[in-house]
Amino acid sequence: MNIILKIIIICVFTAIISIVLKNFSSPFIPVLSLCCGLICIYLLIPYIRNIIDYISKFRHNTSNADSVIKLTFKIAAISVICEFGGQLCCDSGAEYLASKILFAGKIVIMWITIPHFINLFEKIISYIWLL
Amino acid sequence: MEVNLIFKIAAIGIVVAIIHRLLVQSGRDEQALMVTIAGLVAVMFIVVNQINELFSVIKTLFEL
């Protein structure tokens with residue numbers, strides 16, 4: 001509960017400061033929102049680490065799902081970075097760049113998952129031939 | 001990573017904006033522009049280090 005209060009306070013404070021800077025028509029407003037986003041993610045990192053530790057425990061119990069869970073972590077990391085970058089571009093008023101970043105993220109995720117898709121299809125085909 | 005960073009950027013922003021206004025009013029537009037760009041570059045140096053740190057933390061966090 002404390003963490004959400006901290007994040008709300010930081011964001012509201014940043015909003016107030018950016019209103020003050022807007023009066024001066026300063027170019028520092030996007031940088032300020034970037035810093036606010038960075039601080040919010042840094043505050044959330046211990047919680048994300050707890051979730052990942054929990055999933056890693058599950059991974060050690062299962063032997064076969066190791067590569068799949070590793071892939072899931074990779075996709076989650078790419079999604080976090082892409083979402084962060086995309087939102088930053090949106091905040092600075094460049095929605096067209098945000099959509100490009102999200103598109104690139106989707107393509108990279110697809111590129112990472114293609115070998116696993118091929119494995120899956122090969123397995124399905126081998127099972128069909130067994131029948 | 002601390003909240004001080006926001007205050008630091010806000011302070012730099014306000015100081016740079018005031019200097020910019022003073023220089024514009026005294027008729028030195030080019031110097032005003034240079035001051036703004038210098039302030040922006042200084043702030044970007046701070047922020048780029050933090051972004052680099054964030055990406056390395058995310059890399060270690062997700063075991064990439």
# chains A, B, ... in the order shown; residues from 1 in each chain; ligands from 1
>>> closest_atom_pairs(of="chain B", to="chain A", cutoff="8 Å", atoms="only C-alpha atoms", output="CSV")
residue,atom,partner,partner_atom,distance
B:Met1,CA,A:Ile39,CA,6.4
B:Glu2,CA,A:Ile39,CA,6.9
B:Val3,CA,A:Ile39,CA,7.1
B:Leu5,CA,A:Cys35,CA,7.3
B:Ile6,CA,A:Leu32,CA,6.4
B:Ile9,CA,A:Leu32,CA,6.6
B:Ala10,CA,A:Ile17,CA,6.7
B:Gly13,CA,A:Phe28,CA,5.9
B:Ile14,CA,A:Leu21,CA,6.6
B:Ala17,CA,A:Phe24,CA,6.0
B:Ile18,CA,A:Phe24,CA,7.9
B:Leu40,CA,A:Phe28,CA,6.9
B:Val43,CA,A:Val31,CA,7.8
B:Met44,CA,A:Val31,CA,7.6
B:Val47,CA,A:Cys35,CA,7.0
B:Gln50,CA,A:Leu38,CA,7.7
B:Ile51,CA,A:Leu38,CA,7.4
B:Leu54,CA,A:Leu38,CA,7.5
B:Phe55,CA,A:Ile81,CA,7.9
B:Ile58,CA,A:Ala77,CA,6.8
B:Lys59,CA,A:Ala77,CA,7.5
B:Leu61,CA,A:Arg49,CA,6.6
B:Phe62,CA,A:Phe73,CA,5.5
B:Glu63,CA,A:Phe73,CA,7.5
B:Leu64,CA,A:Lys74,CA,6.4
>>> residues_around(residues="region 89-104 of chain A", least_positions_apart="3", cutoff="9 Å", atoms="only C-alpha atoms", output="number ranges by chain")
A: 29-31, 33-34, 79, 82-86, 107-109
>>> atom_distance(atom1="CA of Ser56 (chain A)", atom2="CA of Ile124 (chain A)")
27.6 Å
>>> closest_residue(among="B:Val57, B:Val48, B:Ala32, B:Ala42", to="Ile12 (chain B)", atoms="only C-alpha atoms")
B:Ala42
